[in-house]
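K.L.:
To be precise about what I am sending: the file is called start.cif and holds mmCIF, N, CA and C atoms.
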data_work
loop_
_atom_site.label_atom_id
_atom_site.label_comp_id
_atom_site.auth_asym_id
_atom_site.auth_seq_id
_atom_site.Cartn_x
_atom_site.Cartn_y
_atom_site.Cartn_z
N MET A 1 26.73 -4.65 -27.85
CA MET A 1 25.87 -4.40 -26.71
C MET A 1 24.71 -3.47 -27.10
N PHE A 2 25.04 -2.37 -27.76
CA PHE A 2 23.99 -1.43 -28.13
C PHE A 2 23.08 -1.98 -29.22
N ASP A 3 23.56 -2.98 -29.97
CA ASP A 3 22.72 -3.57 -31.00
C ASP A 3 21.57 -4.37 -30.38
N MET A 4 21.65 -4.68 -29.08
CA MET A 4 20.56 -5.36 -28.38
C MET A 4 19.72 -4.38 -27.57
N ILE A 5 20.35 -3.35 -27.03
CA ILE A 5 19.66 -2.41 -26.15
C ILE A 5 18.70 -1.52 -26.92
N ILE A 6 19.14 -0.97 -28.02
CA ILE A 6 18.31 -0.02 -28.76
C ILE A 6 17.04 -0.66 -29.31
N PRO A 7 17.10 -1.84 -29.96
CA PRO A 7 15.84 -2.47 -30.40
C PRO A 7 14.91 -2.82 -29.23
N ALA A 8 15.49 -3.27 -28.11
CA ALA A 8 14.66 -3.59 -26.94
C ALA A 8 13.96 -2.33 -26.43
N PHE A 9 14.69 -1.23 -26.37
CA PHE A 9 14.12 0.04 -25.93
C PHE A 9 13.01 0.50 -26.87
N LEU A 10 13.26 0.40 -28.17
CA LEU A 10 12.25 0.86 -29.13
C LEU A 10 10.99 0.00 -29.12
N VAL A 11 11.16 -1.32 -29.08
CA VAL A 11 9.99 -2.21 -29.07
C VAL A 11 9.23 -2.08 -27.76
N GLY A 12 9.94 -2.14 -26.63
CA GLY A 12 9.28 -2.00 -25.34
C GLY A 12 8.63 -0.64 -25.17
N GLY A 13 9.32 0.41 -25.62
CA GLY A 13 8.76 1.76 -25.55
C GLY A 13 7.51 1.92 -26.40
N THR A 14 7.52 1.31 -27.57
CA THR A 14 6.34 1.37 -28.45
C THR A 14 5.14 0.67 -27.80
N ILE A 15 5.39 -0.48 -27.19
CA ILE A 15 4.30 -1.19 -26.50
C ILE A 15 3.74 -0.32 -25.38
N CYS A 16 4.61 0.32 -24.62
CA CYS A 16 4.17 1.19 -23.52
C CYS A 16 3.42 2.41 -24.04
N VAL A 17 3.89 2.99 -25.13
CA VAL A 17 3.21 4.15 -25.72
C VAL A 17 1.80 3.77 -26.17
N ILE A 18 1.65 2.59 -26.76
CA ILE A 18 0.32 2.14 -27.18
C ILE A 18 -0.61 2.05 -25.98
N GLY A 19 -0.13 1.46 -24.88
CA GLY A 19 -0.95 1.37 -23.68
C GLY A 19 -1.31 2.73 -23.11
N GLN A 20 -0.35 3.64 -23.08
CA GLN A 20 -0.62 4.98 -22.57
C GLN A 20 -1.61 5.73 -23.44
N LEU A 21 -1.45 5.61 -24.75
CA LEU A 21 -2.40 6.26 -25.67
C LEU A 21 -3.80 5.70 -25.51
N LEU A 22 -3.91 4.39 -25.31
CA LEU A 22 -5.23 3.80 -25.10
C LEU A 22 -5.91 4.40 -23.87
N MET A 23 -5.14 4.58 -22.81
CA MET A 23 -5.72 5.15 -21.58
C MET A 23 -6.01 6.64 -21.73
N ASP A 24 -5.11 7.39 -22.37
CA ASP A 24 -5.28 8.84 -22.47
C ASP A 24 -6.38 9.24 -23.45
N LEU A 25 -6.50 8.52 -24.55
CA LEU A 25 -7.45 8.92 -25.59
C LEU A 25 -8.85 8.36 -25.39
N THR A 26 -9.02 7.46 -24.43
CA THR A 26 -10.35 6.87 -24.22
C THR A 26 -10.85 7.10 -22.80
N LYS A 27 -10.34 8.13 -22.12
CA LYS A 27 -10.76 8.41 -20.74
C LYS A 27 -12.26 8.60 -20.68
N PRO A 28 -12.95 8.22 -19.66
CA PRO A 28 -12.52 7.40 -18.54
C PRO A 28 -12.81 5.92 -18.75
N SER A 29 -13.18 5.53 -19.95
CA SER A 29 -13.66 4.17 -20.16
C SER A 29 -12.56 3.12 -20.21
N PHE A 30 -11.35 3.45 -20.61
CA PHE A 30 -10.28 2.46 -20.75
C PHE A 30 -9.32 2.61 -19.58
N THR A 31 -9.41 1.71 -18.62
CA THR A 31 -8.63 1.78 -17.39
C THR A 31 -7.36 0.93 -17.50
N PRO A 32 -6.45 1.04 -16.52
CA PRO A 32 -5.27 0.17 -16.54
C PRO A 32 -5.62 -1.32 -16.55
N ALA A 33 -6.74 -1.68 -15.94
CA ALA A 33 -7.17 -3.08 -15.97
C ALA A 33 -7.52 -3.51 -17.39
N HIS A 34 -8.13 -2.61 -18.16
CA HIS A 34 -8.43 -2.91 -19.56
C HIS A 34 -7.15 -3.10 -20.36
N VAL A 35 -6.13 -2.27 -20.07
CA VAL A 35 -4.85 -2.39 -20.77
C VAL A 35 -4.22 -3.74 -20.44
N LEU A 36 -4.25 -4.13 -19.17
CA LEU A 36 -3.69 -5.41 -18.77
C LEU A 36 -4.33 -6.56 -19.54
N VAL A 37 -5.65 -6.61 -19.53
CA VAL A 37 -6.35 -7.70 -20.22
C VAL A 37 -6.12 -7.63 -21.72
N SER A 38 -6.13 -6.44 -22.29
CA SER A 38 -5.91 -6.29 -23.74
C SER A 38 -4.52 -6.74 -24.15
N PHE A 39 -3.51 -6.36 -23.37
CA PHE A 39 -2.14 -6.72 -23.74
C PHE A 39 -1.88 -8.22 -23.56
N VAL A 40 -2.36 -8.81 -22.47
CA VAL A 40 -2.16 -10.25 -22.28
C VAL A 40 -2.91 -11.02 -23.36
N SER A 41 -4.15 -10.64 -23.63
CA SER A 41 -4.93 -11.31 -24.68
C SER A 41 -4.31 -11.09 -26.05
N GLY A 42 -3.88 -9.87 -26.32
CA GLY A 42 -3.26 -9.57 -27.61
C GLY A 42 -1.98 -10.35 -27.81
N GLY A 43 -1.16 -10.45 -26.78
CA GLY A 43 0.07 -11.23 -26.86
C GLY A 43 -0.21 -12.71 -27.11
N ALA A 44 -1.26 -13.23 -26.45
CA ALA A 44 -1.62 -14.64 -26.65
C ALA A 44 -2.13 -14.87 -28.07
N ILE A 45 -2.94 -13.97 -28.57
CA ILE A 45 -3.48 -14.11 -29.93
C ILE A 45 -2.37 -13.99 -30.96
N LEU A 46 -1.52 -12.97 -30.81
CA LEU A 46 -0.41 -12.80 -31.75
C LEU A 46 0.56 -13.98 -31.68
N GLY A 47 0.76 -14.51 -30.47
CA GLY A 47 1.62 -15.68 -30.33
C GLY A 47 1.03 -16.91 -31.00
N ALA A 48 -0.27 -17.10 -30.84
CA ALA A 48 -0.93 -18.25 -31.47
C ALA A 48 -0.90 -18.15 -32.99
N LEU A 49 -0.94 -16.93 -33.50
CA LEU A 49 -0.89 -16.73 -34.95
C LEU A 49 0.54 -16.71 -35.50
N GLY A 50 1.52 -16.78 -34.61
CA GLY A 50 2.92 -16.78 -35.04
C GLY A 50 3.46 -15.40 -35.36
N LEU A 51 2.78 -14.36 -34.92
CA LEU A 51 3.19 -13.00 -35.24
C LEU A 51 4.04 -12.34 -34.14
N TYR A 52 4.04 -12.92 -32.94
CA TYR A 52 4.78 -12.30 -31.84
C TYR A 52 6.24 -12.75 -31.79
N GLU A 53 6.51 -13.95 -32.28
CA GLU A 53 7.89 -14.47 -32.29
C GLU A 53 8.86 -13.56 -33.03
N PRO A 54 8.52 -13.05 -34.23
CA PRO A 54 9.44 -12.12 -34.90
C PRO A 54 9.69 -10.85 -34.09
N LEU A 55 8.68 -10.38 -33.37
CA LEU A 55 8.84 -9.20 -32.54
C LEU A 55 9.83 -9.46 -31.41
N ILE A 56 9.78 -10.66 -30.83
CA ILE A 56 10.73 -11.02 -29.78
C ILE A 56 12.14 -11.16 -30.35
N LYS A 57 12.27 -11.67 -31.56
CA LYS A 57 13.59 -11.79 -32.18
C LYS A 57 14.21 -10.42 -32.43
N ILE A 58 13.38 -9.44 -32.75
CA ILE A 58 13.87 -8.07 -32.99
C ILE A 58 14.12 -7.36 -31.67
N GLY A 59 13.12 -7.36 -30.78
CA GLY A 59 13.17 -6.55 -29.57
C GLY A 59 13.67 -7.23 -28.33
N GLY A 60 13.84 -8.54 -28.34
CA GLY A 60 14.33 -9.25 -27.15
C GLY A 60 13.49 -8.97 -25.92
N ALA A 61 14.13 -8.49 -24.86
CA ALA A 61 13.44 -8.23 -23.60
C ALA A 61 12.40 -7.12 -23.75
N GLY A 62 12.58 -6.25 -24.72
CA GLY A 62 11.60 -5.19 -24.94
C GLY A 62 10.24 -5.73 -25.35
N ALA A 63 10.22 -6.94 -25.92
CA ALA A 63 8.96 -7.57 -26.31
C ALA A 63 8.54 -8.65 -25.34
N SER A 64 9.49 -9.29 -24.66
CA SER A 64 9.12 -10.41 -23.80
C SER A 64 8.78 -10.01 -22.37
N ILE A 65 9.25 -8.85 -21.91
CA ILE A 65 8.99 -8.42 -20.54
C ILE A 65 7.59 -7.81 -20.35
N PRO A 66 7.08 -6.99 -21.26
CA PRO A 66 5.75 -6.40 -21.03
C PRO A 66 4.64 -7.45 -20.96
N LEU A 67 3.46 -7.00 -20.60
CA LEU A 67 2.32 -7.90 -20.44
C LEU A 67 2.01 -8.70 -21.69
N SER A 68 2.23 -8.13 -22.84
CA SER A 68 1.98 -8.87 -24.07
C SER A 68 2.92 -10.07 -24.19
N GLY A 69 4.12 -9.95 -23.65
CA GLY A 69 5.06 -11.07 -23.62
C GLY A 69 4.58 -12.19 -22.72
N PHE A 70 3.89 -11.84 -21.63
CA PHE A 70 3.31 -12.84 -20.74
C PHE A 70 2.22 -13.61 -21.47
N GLY A 71 1.38 -12.90 -22.21
CA GLY A 71 0.34 -13.57 -23.00
C GLY A 71 0.93 -14.48 -24.04
N TYR A 72 2.00 -14.02 -24.68
CA TYR A 72 2.70 -14.85 -25.67
C TYR A 72 3.24 -16.11 -25.02
N SER A 73 3.85 -15.99 -23.84
CA SER A 73 4.40 -17.15 -23.14
C SER A 73 3.31 -18.14 -22.75
N LEU A 74 2.15 -17.63 -22.32
CA LEU A 74 1.03 -18.51 -22.01
C LEU A 74 0.59 -19.30 -23.23
N ALA A 75 0.43 -18.61 -24.35
CA ALA A 75 -0.03 -19.27 -25.58
C ALA A 75 1.01 -20.27 -26.08
N LYS A 76 2.27 -19.88 -26.05
CA LYS A 76 3.33 -20.77 -26.53
C LYS A 76 3.41 -22.03 -25.67
N GLY A 77 3.34 -21.85 -24.35
CA GLY A 77 3.38 -23.00 -23.44
C GLY A 77 2.20 -23.93 -23.65
N ALA A 78 1.03 -23.37 -23.87
CA ALA A 78 -0.16 -24.19 -24.09
C ALA A 78 -0.05 -24.96 -25.40
N MET A 79 0.43 -24.30 -26.46
CA MET A 79 0.57 -24.98 -27.75
C MET A 79 1.61 -26.09 -27.69
N GLU A 80 2.73 -25.86 -27.00
CA GLU A 80 3.75 -26.90 -26.88
C GLU A 80 3.23 -28.09 -26.07
N ALA A 81 2.47 -27.81 -25.01
CA ALA A 81 1.93 -28.89 -24.18
C ALA A 81 0.86 -29.69 -24.94
N VAL A 82 0.10 -29.03 -25.79
CA VAL A 82 -0.90 -29.75 -26.60
C VAL A 82 -0.20 -30.72 -27.54
N GLU A 83 0.93 -30.31 -28.11
CA GLU A 83 1.68 -31.20 -28.99
C GLU A 83 2.20 -32.43 -28.25
N LYS A 84 2.59 -32.27 -26.98
CA LYS A 84 3.15 -33.37 -26.21
C LYS A 84 2.08 -34.25 -25.56
N ARG A 85 1.03 -33.61 -24.97
CA ARG A 85 0.08 -34.36 -24.16
C ARG A 85 -1.35 -34.34 -24.68
N GLY A 86 -1.57 -33.73 -25.79
CA GLY A 86 -2.93 -33.65 -26.32
C GLY A 86 -3.70 -32.50 -25.70
N ILE A 87 -5.01 -32.57 -25.78
CA ILE A 87 -5.88 -31.46 -25.36
C ILE A 87 -5.71 -31.10 -23.89
N MET A 88 -5.35 -32.06 -23.05
CA MET A 88 -5.16 -31.75 -21.63
C MET A 88 -3.99 -30.79 -21.41
N GLY A 89 -3.05 -30.79 -22.32
CA GLY A 89 -1.92 -29.87 -22.22
C GLY A 89 -2.33 -28.42 -22.36
N ALA A 90 -3.46 -28.17 -23.01
CA ALA A 90 -3.93 -26.80 -23.18
C ALA A 90 -4.27 -26.16 -21.84
N PHE A 91 -4.65 -26.96 -20.87
CA PHE A 91 -5.03 -26.43 -19.57
C PHE A 91 -3.85 -26.20 -18.64
N SER A 92 -2.76 -26.93 -18.85
CA SER A 92 -1.63 -26.82 -17.94
C SER A 92 -0.38 -26.20 -18.56
N GLY A 93 -0.26 -26.24 -19.87
CA GLY A 93 0.96 -25.80 -20.53
C GLY A 93 1.29 -24.34 -20.31
N GLY A 94 0.31 -23.47 -20.37
CA GLY A 94 0.56 -22.05 -20.18
C GLY A 94 1.06 -21.72 -18.79
N VAL A 95 0.46 -22.37 -17.79
CA VAL A 95 0.88 -22.12 -16.41
C VAL A 95 2.28 -22.68 -16.17
N GLU A 96 2.55 -23.86 -16.74
CA GLU A 96 3.89 -24.43 -16.59
C GLU A 96 4.95 -23.53 -17.22
N ALA A 97 4.64 -22.95 -18.36
CA ALA A 97 5.61 -22.10 -19.07
C ALA A 97 5.86 -20.79 -18.34
N THR A 98 4.92 -20.33 -17.56
CA THR A 98 5.06 -19.04 -16.89
C THR A 98 5.17 -19.16 -15.37
N ALA A 99 5.35 -20.37 -14.87
CA ALA A 99 5.34 -20.61 -13.42
C ALA A 99 6.40 -19.81 -12.68
N VAL A 100 7.59 -19.71 -13.24
CA VAL A 100 8.67 -18.98 -12.55
C VAL A 100 8.31 -17.50 -12.43
N GLY A 101 7.77 -16.92 -13.49
CA GLY A 101 7.37 -15.51 -13.44
C GLY A 101 6.24 -15.26 -12.46
N ILE A 102 5.27 -16.16 -12.44
CA ILE A 102 4.15 -16.03 -11.50
C ILE A 102 4.65 -16.16 -10.06
N ALA A 103 5.51 -17.15 -9.81
CA ALA A 103 6.05 -17.33 -8.46
C ALA A 103 6.88 -16.13 -8.02
N ALA A 104 7.67 -15.58 -8.93
CA ALA A 104 8.47 -14.40 -8.59
C ALA A 104 7.58 -13.21 -8.27
N ALA A 105 6.51 -13.03 -9.03
CA ALA A 105 5.59 -11.92 -8.77
C ALA A 105 4.94 -12.06 -7.39
N VAL A 106 4.52 -13.27 -7.04
CA VAL A 106 3.91 -13.51 -5.73
C VAL A 106 4.93 -13.27 -4.62
N PHE A 107 6.13 -13.82 -4.79
CA PHE A 107 7.17 -13.69 -3.76
C PHE A 107 7.56 -12.24 -3.53
N PHE A 108 7.87 -11.52 -4.61
CA PHE A 108 8.30 -10.13 -4.45
C PHE A 108 7.15 -9.22 -4.01
N GLY A 109 5.94 -9.52 -4.43
CA GLY A 109 4.78 -8.77 -3.94
C GLY A 109 4.62 -8.93 -2.44
N TYR A 110 4.76 -10.17 -1.97
CA TYR A 110 4.68 -10.42 -0.53
C TYR A 110 5.82 -9.73 0.21
N LEU A 111 7.04 -9.82 -0.34
CA LEU A 111 8.20 -9.20 0.27
C LEU A 111 8.01 -7.69 0.41
N MET A 112 7.49 -7.06 -0.61
CA MET A 112 7.25 -5.61 -0.55
C MET A 112 6.14 -5.27 0.45
N SER A 113 5.14 -6.14 0.55
CA SER A 113 4.04 -5.85 1.48
C SER A 113 4.47 -5.94 2.94
N VAL A 114 5.42 -6.80 3.26
CA VAL A 114 5.88 -6.89 4.65
C VAL A 114 7.04 -5.94 4.92
N THR A 115 7.67 -5.42 3.89
CA THR A 115 8.81 -4.51 4.07
C THR A 115 8.37 -3.07 4.24
N PHE A 116 7.37 -2.64 3.49
CA PHE A 116 6.96 -1.24 3.50
C PHE A 116 5.54 -1.10 4.04
N LYS A 117 5.28 0.05 4.67
CA LYS A 117 3.95 0.34 5.16
C LYS A 117 3.12 0.99 4.06
N PRO A 118 1.87 0.55 3.89
CA PRO A 118 1.03 1.19 2.88
C PRO A 118 0.60 2.57 3.35
N LYS A 119 0.34 3.43 2.38
CA LYS A 119 -0.14 4.78 2.71
C LYS A 119 -1.60 4.71 3.10
N GLY A 120 -1.98 5.59 4.01
CA GLY A 120 -3.40 5.69 4.34
C GLY A 120 -3.77 5.13 5.60
#
How would this structure read if it were set down as structure tokens?

P.N.:
Amino acid sequence: MFDMIIPAFLVGGTICVIGQLLMDLTKPSFTPAHVLVSFVSGGAILGALGLYEPLIKIGGAGASIPLSGFGYSLAKGAMEAVEKRGIMGAFSGGVEATAVGIAAAVFFGYLMSVTFKPKG
């Protein structure tokens, strides 16, 4: 059990530390929105180059849960769909591969918005 938890913690923690350092060391120019775009794009690029898969094998959920894992899933889905359906798969494959995660985010976001009152 711990042989899976510790690598996930270390990989996920390292990804989070990189994001925090980017925001802290580049104030005020690097915002959380910049981190989001950088991590999703970076995950997609590393996934397309075949460099993110080994990180997922080592870190498991520590690498697949953060935003960079979402970018990796988009790229992987698009590449698999291109192999099956040609160039048209590039437009739909990423969304198909991440549809459950996107739907869950929308559902739980809506659930939280109707459950709790916003401040202000």

K.L.:
Any chance you could work out the residue set of the PyMOL selection byres ((chain A and resi 51-60) around 8) here, as an MDAnalysis selection string?

P.N.:
chainID A and resid 4:12 43 45:50 61:65 72

K.L.:
Can you measure atom N of Arg85 in chain A to CA of Leu67 in chain A for me? One decimal in Å is fine.

P.N.:
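Answer for the atom N of Arg85 in chain A to CA of Leu67 in chain A separation: 26.1 Å.
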
K.L.:
Please identify the helix (DSSP H, G or I) residues within range 18-64 of chain A (assignment by DSSP from backbone atoms) and present them as a compact mmCIF listing (two decimals) with N, CA and C atoms, in the frame of the given file.

P.N.:
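What landed in states_36.txt:
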# COMPACT_ATOMS: atom_id res chain seq x y z
N ILE A 18 1.65 2.59 -26.76
CA ILE A 18 0.32 2.14 -27.18
C ILE A 18 -0.61 2.05 -25.98
N GLY A 19 -0.13 1.46 -24.88
CA GLY A 19 -0.95 1.37 -23.68
C GLY A 19 -1.31 2.73 -23.11
N GLN A 20 -0.35 3.64 -23.08
CA GLN A 20 -0.62 4.98 -22.57
C GLN A 20 -1.61 5.73 -23.44
N LEU A 21 -1.45 5.61 -24.75
CA LEU A 21 -2.40 6.26 -25.67
C LEU A 21 -3.80 5.70 -25.51
N LEU A 22 -3.91 4.39 -25.31
CA LEU A 22 -5.23 3.80 -25.10
C LEU A 22 -5.91 4.40 -23.87
N MET A 23 -5.14 4.58 -22.81
CA MET A 23 -5.72 5.15 -21.58
C MET A 23 -6.01 6.64 -21.73
N ASP A 24 -5.11 7.39 -22.37
CA ASP A 24 -5.28 8.84 -22.47
C ASP A 24 -6.38 9.24 -23.45
N LEU A 25 -6.50 8.52 -24.55
CA LEU A 25 -7.45 8.92 -25.59
C LEU A 25 -8.85 8.36 -25.39
N PRO A 32 -6.45 1.04 -16.52
CA PRO A 32 -5.27 0.17 -16.54
C PRO A 32 -5.62 -1.32 -16.55
N ALA A 33 -6.74 -1.68 -15.94
CA ALA A 33 -7.17 -3.08 -15.97
C ALA A 33 -7.52 -3.51 -17.39
N HIS A 34 -8.13 -2.61 -18.16
CA HIS A 34 -8.43 -2.91 -19.56
C HIS A 34 -7.15 -3.10 -20.36
N VAL A 35 -6.13 -2.27 -20.07
CA VAL A 35 -4.85 -2.39 -20.77
C VAL A 35 -4.22 -3.74 -20.44
N LEU A 36 -4.25 -4.13 -19.17
CA LEU A 36 -3.69 -5.41 -18.77
C LEU A 36 -4.33 -6.56 -19.54
N VAL A 37 -5.65 -6.61 -19.53
CA VAL A 37 -6.35 -7.70 -20.22
C VAL A 37 -6.12 -7.63 -21.72
N SER A 38 -6.13 -6.44 -22.29
CA SER A 38 -5.91 -6.29 -23.74
C SER A 38 -4.52 -6.74 -24.15
N PHE A 39 -3.51 -6.36 -23.37
CA PHE A 39 -2.14 -6.72 -23.74
C PHE A 39 -1.88 -8.22 -23.56
N VAL A 40 -2.36 -8.81 -22.47
CA VAL A 40 -2.16 -10.25 -22.28
C VAL A 40 -2.91 -11.02 -23.36
N SER A 41 -4.15 -10.64 -23.63
CA SER A 41 -4.93 -11.31 -24.68
C SER A 41 -4.31 -11.09 -26.05
N GLY A 42 -3.88 -9.87 -26.32
CA GLY A 42 -3.26 -9.57 -27.61
C GLY A 42 -1.98 -10.35 -27.81
N GLY A 43 -1.16 -10.45 -26.78
CA GLY A 43 0.07 -11.23 -26.86
C GLY A 43 -0.21 -12.71 -27.11
N ALA A 44 -1.26 -13.23 -26.45
CA ALA A 44 -1.62 -14.64 -26.65
C ALA A 44 -2.13 -14.87 -28.07
N ILE A 45 -2.94 -13.97 -28.57
CA ILE A 45 -3.48 -14.11 -29.93
C ILE A 45 -2.37 -13.99 -30.96
N LEU A 46 -1.52 -12.97 -30.81
CA LEU A 46 -0.41 -12.80 -31.75
C LEU A 46 0.56 -13.98 -31.68
N GLY A 47 0.76 -14.51 -30.47
CA GLY A 47 1.62 -15.68 -30.33
C GLY A 47 1.03 -16.91 -31.00
N ALA A 48 -0.27 -17.10 -30.84
CA ALA A 48 -0.93 -18.25 -31.47
C ALA A 48 -0.90 -18.15 -32.99
N TYR A 52 4.04 -12.92 -32.94
CA TYR A 52 4.78 -12.30 -31.84
C TYR A 52 6.24 -12.75 -31.79
N GLU A 53 6.51 -13.95 -32.28
CA GLU A 53 7.89 -14.47 -32.29
C GLU A 53 8.86 -13.56 -33.03
N PRO A 54 8.52 -13.05 -34.23
CA PRO A 54 9.44 -12.12 -34.90
C PRO A 54 9.69 -10.85 -34.09
N LEU A 55 8.68 -10.38 -33.37
CA LEU A 55 8.84 -9.20 -32.54
C LEU A 55 9.83 -9.46 -31.41
N ILE A 56 9.78 -10.66 -30.83
CA ILE A 56 10.73 -11.02 -29.78
C ILE A 56 12.14 -11.16 -30.35
N LYS A 57 12.27 -11.67 -31.56
CA LYS A 57 13.59 -11.79 -32.18
C LYS A 57 14.21 -10.42 -32.43
N ILE A 58 13.38 -9.44 -32.75
CA ILE A 58 13.87 -8.07 -32.99
C ILE A 58 14.12 -7.36 -31.67
N GLY A 59 13.12 -7.36 -30.78
CA GLY A 59 13.17 -6.55 -29.57
C GLY A 59 13.67 -7.23 -28.33
N ALA A 61 14.13 -8.49 -24.86
CA ALA A 61 13.44 -8.23 -23.60
C ALA A 61 12.40 -7.12 -23.75
N GLY A 62 12.58 -6.25 -24.72
CA GLY A 62 11.60 -5.19 -24.94
C GLY A 62 10.24 -5.73 -25.35
N ALA A 63 10.22 -6.94 -25.92
CA ALA A 63 8.96 -7.57 -26.31
C ALA A 63 8.54 -8.65 -25.34
N SER A 64 9.49 -9.29 -24.66
CA SER A 64 9.12 -10.41 -23.80
C SER A 64 8.78 -10.01 -22.37

K.L.:
Within 6 Å of (1.4, -14.3, -23.0), in the coordinates the file gives, what residues turn up when you count all atoms listed in the file, written out as a list in words?

P.N.:
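Every polymer residue passing the test: Val40, Gly43, Ala44, Leu67, Ser68, Gly69, Phe70, Gly71, Tyr72, Ser73, Leu74 and Ala75 of chain A.
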
K.L.:
Kindly save the residues from that selection, with N, CA and C atoms included, as a PDB file, in the frame of the given file.

P.N.:
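Generated file (out06.pdb):
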ATOM      1  N   VAL A  40      -2.360  -8.810 -22.470  1.00  0.00           N
ATOM      2  CA  VAL A  40      -2.160 -10.250 -22.280  1.00  0.00           C
ATOM      3  C   VAL A  40      -2.910 -11.020 -23.360  1.00  0.00           C
ATOM      4  N   GLY A  43      -1.160 -10.450 -26.780  1.00  0.00           N
ATOM      5  CA  GLY A  43       0.070 -11.230 -26.860  1.00  0.00           C
ATOM      6  C   GLY A  43      -0.210 -12.710 -27.110  1.00  0.00           C
ATOM      7  N   ALA A  44      -1.260 -13.230 -26.450  1.00  0.00           N
ATOM      8  CA  ALA A  44      -1.620 -14.640 -26.650  1.00  0.00           C
ATOM      9  C   ALA A  44      -2.130 -14.870 -28.070  1.00  0.00           C
ATOM     10  N   LEU A  67       3.460  -7.000 -20.600  1.00  0.00           N
ATOM     11  CA  LEU A  67       2.320  -7.900 -20.440  1.00  0.00           C
ATOM     12  C   LEU A  67       2.010  -8.700 -21.690  1.00  0.00           C
ATOM     13  N   SER A  68       2.230  -8.130 -22.840  1.00  0.00           N
ATOM     14  CA  SER A  68       1.980  -8.870 -24.070  1.00  0.00           C
ATOM     15  C   SER A  68       2.920 -10.070 -24.190  1.00  0.00           C
ATOM     16  N   GLY A  69       4.120  -9.950 -23.650  1.00  0.00           N
ATOM     17  CA  GLY A  69       5.060 -11.070 -23.620  1.00  0.00           C
ATOM     18  C   GLY A  69       4.580 -12.190 -22.720  1.00  0.00           C
ATOM     19  N   PHE A  70       3.890 -11.840 -21.630  1.00  0.00           N
ATOM     20  CA  PHE A  70       3.310 -12.840 -20.740  1.00  0.00           C
ATOM     21  C   PHE A  70       2.220 -13.610 -21.470  1.00  0.00           C
ATOM     22  N   GLY A  71       1.380 -12.900 -22.210  1.00  0.00           N
ATOM     23  CA  GLY A  71       0.340 -13.570 -23.000  1.00  0.00           C
ATOM     24  C   GLY A  71       0.930 -14.480 -24.040  1.00  0.00           C
ATOM     25  N   TYR A  72       2.000 -14.020 -24.680  1.00  0.00           N
ATOM     26  CA  TYR A  72       2.700 -14.850 -25.670  1.00  0.00           C
ATOM     27  C   TYR A  72       3.240 -16.110 -25.020  1.00  0.00           C
ATOM     28  N   SER A  73       3.850 -15.990 -23.840  1.00  0.00           N
ATOM     29  CA  SER A  73       4.400 -17.150 -23.140  1.00  0.00           C
ATOM     30  C   SER A  73       3.310 -18.140 -22.750  1.00  0.00           C
ATOM     31  N   LEU A  74       2.150 -17.630 -22.320  1.00  0.00           N
ATOM     32  CA  LEU A  74       1.030 -18.510 -22.010  1.00  0.00           C
ATOM     33  C   LEU A  74       0.590 -19.300 -23.230  1.00  0.00           C
ATOM     34  N   ALA A  75       0.430 -18.610 -24.350  1.00  0.00           N
ATOM     35  CA  ALA A  75      -0.030 -19.270 -25.580  1.00  0.00           C
ATOM     36  C   ALA A  75       1.010 -20.270 -26.080  1.00  0.00           C
TER      37      ALA A  75
END

K.L.:
Work out how far apart atom N of Gly19 in chain A and atom N of Phe91 in chain A are and give it in Å to one decimal.

P.N.:
29.1 Å

K.L.:
Taking (-3.2, -0.5, -26.5) in the coordinates of the supplied file, I want to know which residues reach to within 12 Å of it, counting only C-alpha atoms; could you give the answer as a list in words?

P.N.:
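Answer for this query, in the requested form: Thr14, Ile15, Cys16, Val17, Ile18, Gly19, Gln20, Leu21, Leu22, Met23, Asp24, Leu25, Thr26, Phe30, Thr31, Pro32, Ala33, His34, Val35, Leu36, Val37, Ser38, Phe39, Val40, Ser41, Gly42, Gly43, Leu67 and Ser68 of chain A.
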
K.L.:
For atom N of Met112 in chain A and CA of Ser92 in chain A, determine how far apart the two atoms are, in Å to one decimal place.

P.N.:
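For atom N of Met112 in chain A relative to CA of Ser92 in chain A, the distance reads 27.8 Å.
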
K.L.:
What's around Val82 in chain A at 8 Å? Count only N, CA and C atoms, leave out sequence neighbours fewer than 5 positions away in its own chain, and write the answer as a list of chain:residue names.

P.N.:
A:Lys76, A:Gly77, A:Ile87, A:Met88, A:Gly89, A:Ala90, A:Phe91, A:Ser92, A:Gly93, A:Gly94
